[in-house]
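Engineer: Would you mind keeping the following structure in view while I ask a few things?
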There are 6 protein chains.
Amino acid sequence: MRLLCLNANTTPYVTDTVADAMRAALGPAADVVPCTPAFGPAIIKTRVDNAVAAHGVLDAAARHRDVDGVMLAVSFDTALDALREALSVPVVGMTEASVAMARMLGGRIGYVSMGRAVAPLYAETLTHCALERDLAGWESVEAPAAYRPGDKTAVDRLLAAAAGRLAEAGADVVVLVGAVLAGAAARVQAASAVPVIDGGAAGALTLRAMVDLAAPKPRVGRFALRPGGGLAGVSAALGALQPPDALQPPGALPPPDAP
Amino acid sequence: MRLLCLNANTTPYVTDTVADAMRAALGPAADVVPCTPAFGPAIIKTRVDNAVAAHGVLDAAARHRDVDGVMLAVSFDTALDALREALSVPVVGMTEASVAMARMLGGRIGYVSMGRAVAPLYAETLTHCALERDLAGWESVEAPAAYRPGDKTAVDRLLAAAAGRLAEAGADVVVLVGAVLAGAAARVQAASAVPVIDGGAAGALTLRAMVDLAAPKPRVGRFALRPGGGLAGVSAALGALQPPDALQPPGALPPPDAP
Amino acid sequence: MRLLCLNANTTPYVTDTVADAMRAALGPAADVVPCTPAFGPAIIKTRVDNAVAAHGVLDAAARHRDVDGVMLAVSFDTALDALREALSVPVVGMTEASVAMARMLGGRIGYVSMGRAVAPLYAETLTHCALERDLAGWESVEAPAAYRPGDKTAVDRLLAAAAGRLAEAGADVVVLVGAVLAGAAARVQAASAVPVIDGGAAGALTLRAMVDLAAPKPRVGRFALRPGGGLAGVSAALGALQPPDALQPPGALPPPDAP
Amino acid sequence: MRLLCLNANTTPYVTDTVADAMRAALGPAADVVPCTPAFGPAIIKTRVDNAVAAHGVLDAAARHRDVDGVMLAVSFDTALDALREALSVPVVGMTEASVAMARMLGGRIGYVSMGRAVAPLYAETLTHCALERDLAGWESVEAPAAYRPGDKTAVDRLLAAAAGRLAEAGADVVVLVGAVLAGAAARVQAASAVPVIDGGAAGALTLRAMVDLAAPKPRVGRFALRPGGGLAGVSAALGALQPPDALQPPGALPPPDAP
Amino acid sequence: MRLLCLNANTTPYVTDTVADAMRAALGPAADVVPCTPAFGPAIIKTRVDNAVAAHGVLDAAARHRDVDGVMLAVSFDTALDALREALSVPVVGMTEASVAMARMLGGRIGYVSMGRAVAPLYAETLTHCALERDLAGWESVEAPAAYRPGDKTAVDRLLAAAAGRLAEAGADVVVLVGAVLAGAAARVQAASAVPVIDGGAAGALTLRAMVDLAAPKPRVGRFALRPGGGLAGVSAALGALQPPDALQPPGALPPPDAP
Amino acid sequence: MRLLCLNANTTPYVTDTVADAMRAALGPAADVVPCTPAFGPAIIKTRVDNAVAAHGVLDAAARHRDVDGVMLAVSFDTALDALREALSVPVVGMTEASVAMARMLGGRIGYVSMGRAVAPLYAETLTHCALERDLAGWESVEAPAAYRPGDKTAVDRLLAAAAGRLAEAGADVVVLVGAVLAGAAARVQAASAVPVIDGGAAGALTLRAMVDLAAPKPRVGRFALRPGGGLAGVSAALGALQPPDALQPPGALPPPDAP
């Protein structure tokens with residue numbers, strides 16, 4: 001099973017951190033391919049960064065088509081729906097996977113993310129997770145050391161403290177949100193009275209399940225492959241992802257989502 | 001990995017059908033243990049049936065504690081939260097697992113269930129799935145042959161027709177709801193323009209992921225183990241599940257869920 | 001008017017407490033019949049307890065069919081929908097009745113329940129009350145003395161203090177949640193700046209109204225009497241409640257509840 | 001028990017129709033006092049009519065203070081919250097009472113109202129009923145004969161047909177919406193497969209329950225009596241309802257309803 | 001462009017305050033016509049006041065038909081829908097306009113209103129604004145000096161402090177709610193780290209846009225002109241607004257709003 | 001007043017169409033500057049197109065900073081929040097403006113968009129409009145002639161027919177969704193029984209109101225200017241929009257949006 005570890009930032013250390021966590025969760029049976037975009041933000045800090053990162057991650061995915069599944073190694077699940085539309089293999093966002101697994105433990109979920117400045121973006125980018133259903137609380141930690149190699153003791157202490165506050169506030173499970181936190185749940189679990197989940201293991205295990213489920217690409221509907229609108233000024237690989245000359249079969253699409 | 005295939009009906013054919021689908025999805029690495037309750041309804045048809053089945057499934061689970069995870073082999077996810085509270089291993093409902101995987105394919109979900117008479121019960125029992133988020137439609141089929149061994153051609157034809165109607169009505173993925181439909185998705189997939197999922201494969205693959213995630217039992221909160229209220233007139237095994245003399249650690253529980 | 005006071009716990013003192021409150025509210029015109037299940041939890045403290053209690057209360061109801069209405073004397077409204085489906089007389093939950101009357105006073109509702117450990121269960125069991133519509137707050141009191149005969153002064157002091165905190169937090173009316181609190185509203189009302197309601201009076205008065213309304217049992221739909229799925233291992237009385245051989249009239253049921 | 005039957009239209013025939021239905025439901029123990037406003041619309045047909053009717057019904061209520069409870073005999077529940085704020089006795093809207101009782105029968109509710117032109121107003125005026133929770137459908141009938149004395153056979157036939165359509169569309173109970181339909185449920189019940197409720201009986205029985213509950217007027221909060229803003233150009237009775245010179249006790253009101 | 005500045009209180013100082021703010025926002029191109037009702041509350045303080053004010057504002061509007069648009073100069077948007085139904089020119093509520101403009105700045109909205117006693121009314125009267133979508137907080141200030149001519153330094157200091165607290169609590173924009181606060185935003189803006197909006201400028205600018213849009217009066221639907229129900233005891237002008245003898249064209253109205 | 005007409009497609013005819021409609025609505029007082037991105041899709045047809053278009057529109061905006069306001073001339077309101085975060089002048093999406101103005105006419109809204117294939121994207125991109133609040137229906141028309149210069153008679157006939165169907169289905173106002181439909185509302189209005197709005201006039205009039213409101217750029221919160229995450233591989237203009245070296249003032253951002 002060949003799985004793409006697809007970052008949306010351009011910082012290779014983050015990509016490697018997620019890929020390592022995926023390998024730790026899946027063992028040798030899976031071949032994890034790290035992939036860092038050719039352009040975009042070093043780390044997503046603003047909506048502008050996230051918008052450019054969406055372009056970057058699509059470009060990178062278009063260059064790596066020979067995989068059985070894609071794990072989106074960015075906690076904002078950036079460009080998730082676009083990837084699902086354009087690719088024929090399963091695509092799993094690391095945060096959506098964490099939330100889905102947390103829900104199967106029961107109760108309310110607490111979240112810990114990196115950097116107070118970026119925290120409000122999650123409410124806008126994770127609407128597909130319907131966080132309001134069972135939200136117990138949200139904590140931000142400031143831990144720049146997480147983004148560079150080296151000792152994580154101080155980072156883990158901050159994470160554990162945040163998890164503890166969330167458990168006291170009513171969280172029955174804690175999700176660590178942040179690509180660079182992949183692998184951290186195992187390190188801080190012992191200090192927490194409730195389960196702690198990160199997107200590295202959760203995303204990898206969920207993606208393996210999706211690949212094994214082997215659901216086919218839909219031939220109709222919102223996520224069928226569709227002809228594009230004629231992209232100009234993009235890479236050849238990306239331009240080839242949704243060729244504009246294809247014909248949309250008549251009647252193949254549903255009516256718009258009347259809420 | 002030893003997994004309990006825990007039915008809530010008392011019809012062994014249904015239990016076996018689900019267990020076979022789990023084995024087909026997981027291969028030899030998993031040891032699937034079929035389990036049918038000692039009392040309750042042959043098939044859940046009413047709210048009274050479902051209430052008694054909840055007791056029956058808890059009784060059965062209490063007698064089979066030597067497993068690594070529990071797959072609830074009943075499409076109503078009967079007693080799911082009670083099992084999660086009382087057990088220390090992962091518990092996955094076959095319908096919640098189907099819905100979670102369907103959501104990771106994108107778009108709106110159509111449902112096919114067995115028997116028009118029982119269809120309204122799903123709205124009451126699956127509230128944890130928040131079906132309204134992305135519901136495309138619901139179809140019922142009348143196929144008593146599904147409940148007995150033998151040829152399934154006629155059953156599959158009804159299922160495929162229902163899936164086709166749902167895809168036309170805007171479903172991007174179809175979930176087959178019904179323990180006895182475990183394994184049917186693979187049979188009807190070829191006839192469908194959109195992916196078809198059943199709770200046998202989806203539940204088994206999701207449970208494997210949950211077991212591999214190895215999240216610990218919470219020590220506090222809504223799903224920590226709690227002392228029971230003194231059960232009388234139940235089996236010794238069930239009575240031992242939540243001994244009433246245990247002490248609740250002070251401050252261990254969150255405030256009630258203020259919506 | 002002969003009314004069943006149907007407890008779901010097996011503690012007769014609780015049953016008697018509710019029955020007394022019903023008699024106080026209705027006077028001699030109503031004949032209140034106390035009924036305690038033959039098995040189940042002494043007091044519901046966990047989801048497992050509540051699941052077994054649902055079986056117990058259905059069994060008890062099946063043994064007492066000669067009444068004009070049923071008041072469910074348990075604050076979780078345990079098995080309420082199953083009773084409504086199986087019986088032909090009105091069934092009223094003591095908490096749903098309290099909430100309905102509180103809403104007719106206007107404003108936001110504060111709740112006081114017994115025991116912090118059990119408080120989270122209410123959010124799961126009272127979904128039919130849509131508590132989030134007008135929730136002002138929720139308080140838990142620890143008052144074991146409420147469960148045994150004798151002086152209630154200390155209990156009432158705790159209840160009054162909790163009601164006071166809720167009024168300060170924006171509650172316009174306070175509902176006492178707990179079968180054993182039937183009758184307590186009248187005792188603590190004088191100390192409260194806002195109305196206080198308990199399920200004894202509210203449930204009894206509402207049940208009387210429902211019996212006098214004399215709405216017939218529906219012949220079709222979600223609450224029509226339906227054939228059961230073949231219960232085994234239950235009491236003869238319960239087995240007779242929904243005989244499995246009955247025929248469902250064609251077209252008699254609605255489509256599933258598409259949310 | 002002295003109960004005001006308070007119409008918001010100025011058509012006495014409607015007032016009398018509701019009062020008769022109340023008497024039929026309550027028997028001789030209740031003294032029903034019919035009350036028709038001195039000004040306003042003959043029948044509410046527009047938002048302007050309803051706005052003026054709110055003034056009219058408050059004026060009428062201010063002139064009839066010697067009652068134990070008020071039944072608002074208008075299906076829009078016009079000025080319901082204002083009456084609850086200004087009066088110290090229970091006030092029950094005939095539609096809210098119908099909905100509350102229908103919910104205690106279980107399932108989904110269908111509605112039949114008078115006149116297609118006025119139907120959209122109900123969505124705006126009945127927000128306190130949260131109709132969307134369990135709405136099965138809405139039917140309008142055109143039956144001017146309902147508004148004048150005489151034979152109701154044709155009216156009842158239309159109502160029964162509408163109720164039948166709603167039951168087929170998934171309604172488990174039907175509510176007749178319209179003051180002038182008070183008493184009609186009993187006439188059309190025999191023709192319906194599901195229970196039919198009108199606001200005459202439902203309102204009267206609910207008001208009796210509220211009066212017997214004897215909840216006191218709140219001294220603080222959203223429905224405490226408050227000083228008015230200095231009404232000019234209104235009747236002396238209405239002007240006296242909320243004298244402007246009263247002092248609001250400090251801290252007596254909650255913060256605004258943050259949703 | 002001739003615009004009615006239509007107050008619902010009977011205090012001319014409030015009307016003039018709003019009219020001045022409108023003129024400041026629109027300059028000489030617009031002719032602002034102040035209008036104070038002939039009866040009703042000096043200042044709306046209760047639900048009864050607001051109900052009578054609805055009648056008063058409709059009466060006043062009926063007397064001033066020669067305008068191109070109506071700005072409802074009362075922060076409760078009193079009788080807004082009735083005015084829209086009865087008039088053929090645009091009608092804009094000052095609070096709905098403020099909310100709409102605030103939303104186009106992005107983020108969450110904090111509100112400051114006048115008088116803690118009246119704050120809960122906003123939740124009931126502003127349902128058309130769907131405040132819960134993006135509510136950051138609500139503050140009340142007690143500033144009687146706002147209602148009389150003279151120095152506003154103390155009032156502005158209270159407003160600025162409230163705005164500051166809201167910004168700290170997560171508001172990205174602050175809306176001043178209160179007709180008498182028209183013009184205050186410009187005075188307190190310098191002291192605020194986030195934009196501050198009041199209904200004087202926001203309402204005037206929005207109304208100008210609506211008038212320039214020149215959308216015609218709908219000929220069918222919920223806001224088409226409809227015959228009234230026969231108003232008696234009202235002014236001749238108001239009685240003429242919706243003559244009862246008009247004929248409703250068949251099929252002209254939609255089905256009721258099924259939520 | 002200098003206003004940017006900022007398209008997200010790369011088809012200049014669309015840009016010009018919107019700019020013409022803006023000029024028609026605003027007259028000579030406004031200087032409308034058409035702007036077409038340097039790269040991206042000719043017409044947005046897929047999620048991939050829209051993601052690339054977000055990058056393209058940000059790049060284009062970064063090159064045109066000398067304006068008083070930005071009208072986003074694309075019906076998906078592509079990159080709206082990112083533009084609001086990065087720019088200091090008002091930014092208005094043409095669809096959000098249409099919806100806001102439609103809501104001030106009252107009732108339910110019907111939508112007409114271009115191309116059935118693209119219709120489902122609107123539900124994902126217009127979440128900030130909360131369309132479900134008052135949705136009456138959605139119609140798609142297939143009218144390729146709209147995208148090229150020349151006679152629009154056939155296009156307008158399709159639009160008018162769709163608007164007519166929506167009015168019959170309960171729409172009280174119709175919004176034309178599609179940048180290329182700017183100006184069409186005026187052409188089809190005469191054929192419609194309800195008001196018809198397009199994003200050209202609505203967007204221009206709303207933007208003028210926002211510019212005149214003159215709300216300052218927030219200094220704190222979700223839409224304050226923030227340092228970027230270090231964009232690489234983008235244009236110099238875009239890279240300069242959010243320089244990464246800026247310092248975030250401590251405590252300047254709110255907690256994440258806890259729903």
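Letters for chains follow the order of the structure tokens (A, B, ...), residue numbers begin at 1 for each chain, and ligand numbers begin at 1 in the order shown.
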Compute the set of chain A residues within 8 Å of chain F, using only C-alpha atoms, and express it as a PyMOL selection string.

Structural biologist: chain A and resi 38-49+51-52+54-55+58+79+81-83+85-86+116-117+119-123+131-132+135+137-138+222+226-234+248+253-259

Engineer: If we count only C-alpha atoms, what is near E:Val155 at a cut-off of 8 Å, once residues fewer than 5 positions away on the same chain are taken out, given as a list in words?

Structural biologist: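 My reading of the contact set: Ala143, Ala145 and Ala146 of chain E.
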
Engineer: Choose the residue, out of C:Ala201, C:Val175, C:Met101, C:Ala73, that has the smallest atom-to-atom separation from C:Thr11; count only C-alpha atoms.

Structural biologist: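 Of C:Ala201, C:Val175, C:Met101, C:Ala73, the one nearest C:Thr11 is C:Ala73, counting only C-alpha atoms.
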
Engineer: Rounded to one decimal in Å, what is the spacing between atom CA of A:Met104 and atom CA of B:Ser235?

Structural biologist: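 Straight-line distance from atom CA of A:Met104 to atom CA of B:Ser235 works out to 27.7 Å.
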
Engineer: Can you tell me how far atom CA of E:Ser192 sits from atom CA of E:Gly115, in Å to one decimal?

Structural biologist: 21.1 Å
